[in-house]
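S.K.: Sharing work.pdb here; it has PDB, N, CA and C atoms.
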```
MODEL        1
ATOM      1  N   MET A   1     -11.671 -13.506  21.740  1.00  0.00           N
ATOM      2  CA  MET A   1     -10.300 -13.059  21.727  1.00  0.00           C
ATOM      3  C   MET A   1     -10.069 -12.173  20.503  1.00  0.00           C
ATOM      4  N   LYS A   2      -9.511 -11.018  20.717  1.00  0.00           N
ATOM      5  CA  LYS A   2      -9.236 -10.087  19.638  1.00  0.00           C
ATOM      6  C   LYS A   2      -7.760 -10.147  19.282  1.00  0.00           C
ATOM      7  N   GLU A   3      -7.519 -10.115  18.009  1.00  0.00           N
ATOM      8  CA  GLU A   3      -6.140 -10.067  17.531  1.00  0.00           C
ATOM      9  C   GLU A   3      -5.977  -8.778  16.746  1.00  0.00           C
ATOM     10  N   ALA A   4      -5.160  -7.896  17.252  1.00  0.00           N
ATOM     11  CA  ALA A   4      -4.973  -6.597  16.622  1.00  0.00           C
ATOM     12  C   ALA A   4      -4.100  -6.730  15.378  1.00  0.00           C
ATOM     13  N   VAL A   5      -4.319  -5.830  14.439  1.00  0.00           N
ATOM     14  CA  VAL A   5      -3.505  -5.787  13.229  1.00  0.00           C
ATOM     15  C   VAL A   5      -2.146  -5.193  13.613  1.00  0.00           C
ATOM     16  N   PRO A   6      -1.052  -5.849  13.247  1.00  0.00           N
ATOM     17  CA  PRO A   6       0.275  -5.317  13.577  1.00  0.00           C
ATOM     18  C   PRO A   6       0.523  -3.950  12.940  1.00  0.00           C
ATOM     19  N   LYS A   7       1.273  -3.135  13.622  1.00  0.00           N
ATOM     20  CA  LYS A   7       1.575  -1.774  13.177  1.00  0.00           C
ATOM     21  C   LYS A   7       2.272  -1.779  11.818  1.00  0.00           C
ATOM     22  N   LEU A   8       3.135  -2.766  11.589  1.00  0.00           N
ATOM     23  CA  LEU A   8       3.849  -2.852  10.319  1.00  0.00           C
ATOM     24  C   LEU A   8       2.887  -3.037   9.145  1.00  0.00           C
ATOM     25  N   LEU A   9       1.872  -3.880   9.332  1.00  0.00           N
ATOM     26  CA  LEU A   9       0.875  -4.074   8.274  1.00  0.00           C
ATOM     27  C   LEU A   9       0.061  -2.811   8.050  1.00  0.00           C
ATOM     28  N   GLN A  10      -0.269  -2.114   9.127  1.00  0.00           N
ATOM     29  CA  GLN A  10      -1.009  -0.860   8.985  1.00  0.00           C
ATOM     30  C   GLN A  10      -0.202   0.145   8.176  1.00  0.00           C
ATOM     31  N   ASP A  11       1.081   0.255   8.495  1.00  0.00           N
ATOM     32  CA  ASP A  11       1.919   1.244   7.819  1.00  0.00           C
ATOM     33  C   ASP A  11       2.106   0.922   6.346  1.00  0.00           C
ATOM     34  N   LYS A  12       2.264  -0.355   6.025  1.00  0.00           N
ATOM     35  CA  LYS A  12       2.565  -0.748   4.644  1.00  0.00           C
ATOM     36  C   LYS A  12       1.324  -0.850   3.758  1.00  0.00           C
ATOM     37  N   LEU A  13       0.186  -1.255   4.315  1.00  0.00           N
ATOM     38  CA  LEU A  13      -0.952  -1.608   3.474  1.00  0.00           C
ATOM     39  C   LEU A  13      -2.131  -0.655   3.521  1.00  0.00           C
ATOM     40  N   VAL A  14      -2.281   0.114   4.576  1.00  0.00           N
ATOM     41  CA  VAL A  14      -3.444   1.000   4.685  1.00  0.00           C
ATOM     42  C   VAL A  14      -3.074   2.377   4.135  1.00  0.00           C
ATOM     43  N   PRO A  15      -3.831   2.868   3.151  1.00  0.00           N
ATOM     44  CA  PRO A  15      -3.558   4.215   2.620  1.00  0.00           C
ATOM     45  C   PRO A  15      -3.741   5.282   3.701  1.00  0.00           C
ATOM     46  N   LYS A  16      -2.968   6.335   3.605  1.00  0.00           N
ATOM     47  CA  LYS A  16      -2.979   7.395   4.623  1.00  0.00           C
ATOM     48  C   LYS A  16      -4.358   8.039   4.775  1.00  0.00           C
ATOM     49  N   LYS A  17      -5.093   8.202   3.660  1.00  0.00           N
ATOM     50  CA  LYS A  17      -6.387   8.869   3.767  1.00  0.00           C
ATOM     51  C   LYS A  17      -7.453   7.973   4.388  1.00  0.00           C
ATOM     52  N   LYS A  18      -7.224   6.660   4.449  1.00  0.00           N
ATOM     53  CA  LYS A  18      -8.172   5.746   5.077  1.00  0.00           C
ATOM     54  C   LYS A  18      -7.773   5.384   6.506  1.00  0.00           C
ATOM     55  N   LEU A  19      -6.680   5.946   6.996  1.00  0.00           N
ATOM     56  CA  LEU A  19      -6.140   5.540   8.296  1.00  0.00           C
ATOM     57  C   LEU A  19      -7.074   5.881   9.455  1.00  0.00           C
ATOM     58  N   THR A  20      -7.715   7.044   9.434  1.00  0.00           N
ATOM     59  CA  THR A  20      -8.596   7.402  10.546  1.00  0.00           C
ATOM     60  C   THR A  20      -9.829   6.502  10.575  1.00  0.00           C
ATOM     61  N   ALA A  21     -10.373   6.203   9.407  1.00  0.00           N
ATOM     62  CA  ALA A  21     -11.519   5.291   9.349  1.00  0.00           C
ATOM     63  C   ALA A  21     -11.105   3.877   9.734  1.00  0.00           C
ATOM     64  N   PHE A  22      -9.879   3.498   9.384  1.00  0.00           N
ATOM     65  CA  PHE A  22      -9.360   2.174   9.707  1.00  0.00           C
ATOM     66  C   PHE A  22      -9.262   1.981  11.221  1.00  0.00           C
ATOM     67  N   LYS A  23      -8.803   3.006  11.911  1.00  0.00           N
ATOM     68  CA  LYS A  23      -8.642   2.900  13.366  1.00  0.00           C
ATOM     69  C   LYS A  23      -9.979   2.830  14.093  1.00  0.00           C
ATOM     70  N   LYS A  24     -11.047   3.339  13.492  1.00  0.00           N
ATOM     71  CA  LYS A  24     -12.369   3.295  14.114  1.00  0.00           C
ATOM     72  C   LYS A  24     -13.062   1.948  13.926  1.00  0.00           C
ATOM     73  N   MET A  25     -12.565   1.136  12.979  1.00  0.00           N
ATOM     74  CA  MET A  25     -13.174  -0.170  12.714  1.00  0.00           C
ATOM     75  C   MET A  25     -12.868  -1.150  13.844  1.00  0.00           C
ATOM     76  N   ASN A  26     -13.737  -2.171  13.959  1.00  0.00           N
ATOM     77  CA  ASN A  26     -13.430  -3.239  14.906  1.00  0.00           C
ATOM     78  C   ASN A  26     -12.370  -4.156  14.285  1.00  0.00           C
ATOM     79  N   ALA A  27     -11.938  -5.175  15.030  1.00  0.00           N
ATOM     80  CA  ALA A  27     -10.839  -6.040  14.586  1.00  0.00           C
ATOM     81  C   ALA A  27     -11.180  -6.764  13.284  1.00  0.00           C
ATOM     82  N   TRP A  28     -12.422  -7.232  13.156  1.00  0.00           N
ATOM     83  CA  TRP A  28     -12.820  -7.933  11.932  1.00  0.00           C
ATOM     84  C   TRP A  28     -12.762  -7.010  10.723  1.00  0.00           C
ATOM     85  N   GLY A  29     -13.206  -5.792  10.895  1.00  0.00           N
ATOM     86  CA  GLY A  29     -13.176  -4.815   9.814  1.00  0.00           C
ATOM     87  C   GLY A  29     -11.761  -4.451   9.398  1.00  0.00           C
ATOM     88  N   GLN A  30     -10.882  -4.336  10.399  1.00  0.00           N
ATOM     89  CA  GLN A  30      -9.490  -4.022  10.098  1.00  0.00           C
ATOM     90  C   GLN A  30      -8.831  -5.134   9.303  1.00  0.00           C
ATOM     91  N   TRP A  31      -9.063  -6.384   9.719  1.00  0.00           N
ATOM     92  CA  TRP A  31      -8.474  -7.506   8.987  1.00  0.00           C
ATOM     93  C   TRP A  31      -9.084  -7.628   7.594  1.00  0.00           C
ATOM     94  N   SER A  32     -10.349  -7.266   7.447  1.00  0.00           N
ATOM     95  CA  SER A  32     -10.983  -7.274   6.129  1.00  0.00           C
ATOM     96  C   SER A  32     -10.314  -6.253   5.212  1.00  0.00           C
ATOM     97  N   GLU A  33     -10.031  -5.084   5.737  1.00  0.00           N
ATOM     98  CA  GLU A  33      -9.359  -4.045   4.948  1.00  0.00           C
ATOM     99  C   GLU A  33      -7.944  -4.481   4.564  1.00  0.00           C
ATOM    100  N   ILE A  34      -7.232  -5.120   5.479  1.00  0.00           N
ATOM    101  CA  ILE A  34      -5.893  -5.636   5.175  1.00  0.00           C
ATOM    102  C   ILE A  34      -5.981  -6.680   4.070  1.00  0.00           C
ATOM    103  N   SER A  35      -6.977  -7.541   4.150  1.00  0.00           N
ATOM    104  CA  SER A  35      -7.166  -8.567   3.122  1.00  0.00           C
ATOM    105  C   SER A  35      -7.434  -7.943   1.760  1.00  0.00           C
ATOM    106  N   LYS A  36      -8.241  -6.888   1.718  1.00  0.00           N
ATOM    107  CA  LYS A  36      -8.517  -6.196   0.458  1.00  0.00           C
ATOM    108  C   LYS A  36      -7.246  -5.591  -0.129  1.00  0.00           C
ATOM    109  N   GLN A  37      -6.431  -5.001   0.732  1.00  0.00           N
ATOM    110  CA  GLN A  37      -5.191  -4.380   0.261  1.00  0.00           C
ATOM    111  C   GLN A  37      -4.205  -5.425  -0.248  1.00  0.00           C
ATOM    112  N   VAL A  38      -4.155  -6.586   0.416  1.00  0.00           N
ATOM    113  CA  VAL A  38      -3.276  -7.665  -0.037  1.00  0.00           C
ATOM    114  C   VAL A  38      -3.742  -8.173  -1.388  1.00  0.00           C
ATOM    115  N   ASN A  39      -5.047  -8.341  -1.564  1.00  0.00           N
ATOM    116  CA  ASN A  39      -5.581  -8.780  -2.856  1.00  0.00           C
ATOM    117  C   ASN A  39      -5.279  -7.764  -3.953  1.00  0.00           C
ATOM    118  N   LYS A  40      -5.353  -6.491  -3.618  1.00  0.00           N
ATOM    119  CA  LYS A  40      -5.027  -5.450  -4.589  1.00  0.00           C
ATOM    120  C   LYS A  40      -3.543  -5.511  -4.956  1.00  0.00           C
ATOM    121  N   LEU A  41      -2.711  -5.814  -3.989  1.00  0.00           N
ATOM    122  CA  LEU A  41      -1.284  -5.951  -4.220  1.00  0.00           C
ATOM    123  C   LEU A  41      -0.989  -7.125  -5.149  1.00  0.00           C
ATOM    124  N   PHE A  42      -1.755  -8.213  -5.007  1.00  0.00           N
ATOM    125  CA  PHE A  42      -1.535  -9.391  -5.837  1.00  0.00           C
ATOM    126  C   PHE A  42      -1.935  -9.174  -7.283  1.00  0.00           C
ATOM    127  N   LYS A  43      -2.869  -8.299  -7.523  1.00  0.00           N
ATOM    128  CA  LYS A  43      -3.277  -8.049  -8.907  1.00  0.00           C
ATOM    129  C   LYS A  43      -2.130  -7.459  -9.718  1.00  0.00           C
ATOM    130  N   ASN A  44      -1.200  -6.802  -9.047  1.00  0.00           N
ATOM    131  CA  ASN A  44      -0.057  -6.203  -9.724  1.00  0.00           C
ATOM    132  C   ASN A  44       1.085  -7.197  -9.914  1.00  0.00           C
ATOM    133  N   ARG A  45       1.054  -8.330  -9.229  1.00  0.00           N
ATOM    134  CA  ARG A  45       2.132  -9.316  -9.313  1.00  0.00           C
ATOM    135  C   ARG A  45       1.644 -10.566 -10.015  1.00  0.00           C
ATOM    136  N   LYS A  46       2.470 -11.106 -10.891  1.00  0.00           N
ATOM    137  CA  LYS A  46       2.064 -12.264 -11.666  1.00  0.00           C
ATOM    138  C   LYS A  46       2.498 -13.578 -11.039  1.00  0.00           C
ATOM    139  N   GLU A  47       3.527 -13.567 -10.184  1.00  0.00           N
ATOM    140  CA  GLU A  47       4.032 -14.834  -9.656  1.00  0.00           C
ATOM    141  C   GLU A  47       3.176 -15.403  -8.529  1.00  0.00           C
ATOM    142  N   VAL A  48       2.325 -14.605  -7.927  1.00  0.00           N
ATOM    143  CA  VAL A  48       1.469 -15.067  -6.837  1.00  0.00           C
ATOM    144  C   VAL A  48       0.026 -14.985  -7.310  1.00  0.00           C
ATOM    145  N   ASN A  49      -0.634 -16.117  -7.393  1.00  0.00           N
ATOM    146  CA  ASN A  49      -1.998 -16.123  -7.912  1.00  0.00           C
ATOM    147  C   ASN A  49      -3.059 -16.301  -6.836  1.00  0.00           C
ATOM    148  N   THR A  50      -2.725 -16.962  -5.748  1.00  0.00           N
ATOM    149  CA  THR A  50      -3.716 -17.202  -4.706  1.00  0.00           C
ATOM    150  C   THR A  50      -3.358 -16.409  -3.464  1.00  0.00           C
ATOM    151  N   PRO A  51      -4.337 -15.867  -2.774  1.00  0.00           N
ATOM    152  CA  PRO A  51      -4.060 -15.062  -1.589  1.00  0.00           C
ATOM    153  C   PRO A  51      -3.365 -15.827  -0.468  1.00  0.00           C
ATOM    154  N   GLY A  52      -3.566 -17.132  -0.376  1.00  0.00           N
ATOM    155  CA  GLY A  52      -2.932 -17.906   0.684  1.00  0.00           C
ATOM    156  C   GLY A  52      -1.429 -17.972   0.561  1.00  0.00           C
ATOM    157  N   LEU A  53      -0.908 -17.788  -0.651  1.00  0.00           N
ATOM    158  CA  LEU A  53       0.535 -17.866  -0.863  1.00  0.00           C
ATOM    159  C   LEU A  53       1.281 -16.630  -0.363  1.00  0.00           C
ATOM    160  N   TRP A  54       0.567 -15.595  -0.021  1.00  0.00           N
ATOM    161  CA  TRP A  54       1.258 -14.396   0.442  1.00  0.00           C
ATOM    162  C   TRP A  54       1.951 -14.633   1.778  1.00  0.00           C
ATOM    163  N   LEU A  55       1.477 -15.616   2.560  1.00  0.00           N
ATOM    164  CA  LEU A  55       2.114 -15.914   3.830  1.00  0.00           C
ATOM    165  C   LEU A  55       3.534 -16.423   3.633  1.00  0.00           C
ATOM    166  N   VAL A  56       3.760 -17.149   2.539  1.00  0.00           N
ATOM    167  CA  VAL A  56       5.086 -17.683   2.263  1.00  0.00           C
ATOM    168  C   VAL A  56       6.055 -16.560   1.917  1.00  0.00           C
ATOM    169  N   ARG A  57       5.579 -15.587   1.136  1.00  0.00           N
ATOM    170  CA  ARG A  57       6.458 -14.517   0.658  1.00  0.00           C
ATOM    171  C   ARG A  57       6.108 -13.164   1.252  1.00  0.00           C
ATOM    172  N   ARG A  58       5.590 -13.145   2.461  1.00  0.00           N
ATOM    173  CA  ARG A  58       5.086 -11.891   3.013  1.00  0.00           C
ATOM    174  C   ARG A  58       6.173 -10.843   3.206  1.00  0.00           C
ATOM    175  N   LYS A  59       7.376 -11.236   3.615  1.00  0.00           N
ATOM    176  CA  LYS A  59       8.428 -10.236   3.810  1.00  0.00           C
ATOM    177  C   LYS A  59       8.827  -9.615   2.489  1.00  0.00           C
ATOM    178  N   LEU A  60       8.892 -10.417   1.440  1.00  0.00           N
ATOM    179  CA  LEU A  60       9.246  -9.895   0.129  1.00  0.00           C
ATOM    180  C   LEU A  60       8.162  -8.956  -0.396  1.00  0.00           C
ATOM    181  N   LEU A  61       6.901  -9.348  -0.265  1.00  0.00           N
ATOM    182  CA  LEU A  61       5.796  -8.536  -0.768  1.00  0.00           C
ATOM    183  C   LEU A  61       5.639  -7.237  -0.003  1.00  0.00           C
ATOM    184  N   LEU A  62       5.926  -7.269   1.299  1.00  0.00           N
ATOM    185  CA  LEU A  62       5.802  -6.048   2.094  1.00  0.00           C
ATOM    186  C   LEU A  62       7.027  -5.156   1.983  1.00  0.00           C
ATOM    187  N   GLY A  63       8.087  -5.678   1.403  1.00  0.00           N
ATOM    188  CA  GLY A  63       9.293  -4.878   1.236  1.00  0.00           C
ATOM    189  C   GLY A  63      10.144  -4.770   2.476  1.00  0.00           C
ATOM    190  N   ILE A  64      10.079  -5.771   3.355  1.00  0.00           N
ATOM    191  CA  ILE A  64      10.886  -5.723   4.574  1.00  0.00           C
ATOM    192  C   ILE A  64      11.966  -6.796   4.587  1.00  0.00           C
ATOM    193  N   ALA A  65      12.111  -7.525   3.475  1.00  0.00           N
ATOM    194  CA  ALA A  65      13.104  -8.604   3.417  1.00  0.00           C
ATOM    195  C   ALA A  65      14.454  -8.058   3.017  1.00  0.00           C
TER     196      ALA A  65
ENDMDL
END
```
Translate this structure into structure tokens?
M.R.:
Amino acid sequence: MKEAVPKLLQDKLVPKKKLTAFKKMNAWGQWSEISKQVNKLFKNRKEVNTPGLWLVRRKLLLGIA
């Protein structure tokens, strides 16, 4: 079963210059790239230390809250 990356996550987390390569990746590769971008986002924030906590504050971190 494949689970596609939501369009909102693609728009917010994938850089524009990597978008064509991102679309050519399989589902596992796409989720890996999203995970890398989320980890990069956390390095800039001090209140969230573990990647698992991003699920709790995902709307705030993505800027859609």
S.K.: Within 7 Å of segment 10-16 of chain A, counting only N, CA and C atoms, which residues qualify if same-chain residues fewer than 4 places away don't, as number ranges by chain?
M.R.: A: 5-6, 20, 34, 37-38, 62
S.K.: Between atom N of Lys59 of chain A and atom N of Asn26 of chain A, measure the distance and give it in Å to one decimal.
M.R.: 25.2 Å
S.K.: How many Å lie between atom CA of Leu19 of chain A and atom CA of Phe42 of chain A, rounded to one decimal?
M.R.: 21.1 Å
S.K.: If I take atom CA of Lys2 of chain A and atom CA of Lys36 of chain A, how far is one from the other in Å, to one decimal?
M.R.: 19.6 Å
S.K.: Report as a list in words the full result of the PyMOL selection byres (((chain A and resi 27 and name CA) around 9) and name CA) when it is applied to this structure.
M.R.: Lys2, Glu3, Ala4, Val5, Met25, Asn26, Trp28, Gly29, Gln30, Trp31 and Ser32 of chain A
S.K.: Can I get the selected residues back with N, CA and C atoms, as a PDB file, in the frame of the given file?
M.R.:
```pdb
ATOM      1  N   LYS A   2      -9.511 -11.018  20.717  1.00  0.00           N
ATOM      2  CA  LYS A   2      -9.236 -10.087  19.638  1.00  0.00           C
ATOM      3  C   LYS A   2      -7.760 -10.147  19.282  1.00  0.00           C
ATOM      4  N   GLU A   3      -7.519 -10.115  18.009  1.00  0.00           N
ATOM      5  CA  GLU A   3      -6.140 -10.067  17.531  1.00  0.00           C
ATOM      6  C   GLU A   3      -5.977  -8.778  16.746  1.00  0.00           C
ATOM      7  N   ALA A   4      -5.160  -7.896  17.252  1.00  0.00           N
ATOM      8  CA  ALA A   4      -4.973  -6.597  16.622  1.00  0.00           C
ATOM      9  C   ALA A   4      -4.100  -6.730  15.378  1.00  0.00           C
ATOM     10  N   VAL A   5      -4.319  -5.830  14.439  1.00  0.00           N
ATOM     11  CA  VAL A   5      -3.505  -5.787  13.229  1.00  0.00           C
ATOM     12  C   VAL A   5      -2.146  -5.193  13.613  1.00  0.00           C
ATOM     13  N   MET A  25     -12.565   1.136  12.979  1.00  0.00           N
ATOM     14  CA  MET A  25     -13.174  -0.170  12.714  1.00  0.00           C
ATOM     15  C   MET A  25     -12.868  -1.150  13.844  1.00  0.00           C
ATOM     16  N   ASN A  26     -13.737  -2.171  13.959  1.00  0.00           N
ATOM     17  CA  ASN A  26     -13.430  -3.239  14.906  1.00  0.00           C
ATOM     18  C   ASN A  26     -12.370  -4.156  14.285  1.00  0.00           C
ATOM     19  N   TRP A  28     -12.422  -7.232  13.156  1.00  0.00           N
ATOM     20  CA  TRP A  28     -12.820  -7.933  11.932  1.00  0.00           C
ATOM     21  C   TRP A  28     -12.762  -7.010  10.723  1.00  0.00           C
ATOM     22  N   GLY A  29     -13.206  -5.792  10.895  1.00  0.00           N
ATOM     23  CA  GLY A  29     -13.176  -4.815   9.814  1.00  0.00           C
ATOM     24  C   GLY A  29     -11.761  -4.451   9.398  1.00  0.00           C
ATOM     25  N   GLN A  30     -10.882  -4.336  10.399  1.00  0.00           N
ATOM     26  CA  GLN A  30      -9.490  -4.022  10.098  1.00  0.00           C
ATOM     27  C   GLN A  30      -8.831  -5.134   9.303  1.00  0.00           C
ATOM     28  N   TRP A  31      -9.063  -6.384   9.719  1.00  0.00           N
ATOM     29  CA  TRP A  31      -8.474  -7.506   8.987  1.00  0.00           C
ATOM     30  C   TRP A  31      -9.084  -7.628   7.594  1.00  0.00           C
ATOM     31  N   SER A  32     -10.349  -7.266   7.447  1.00  0.00           N
ATOM     32  CA  SER A  32     -10.983  -7.274   6.129  1.00  0.00           C
ATOM     33  C   SER A  32     -10.314  -6.253   5.212  1.00  0.00           C
TER      34      SER A  32
END
```
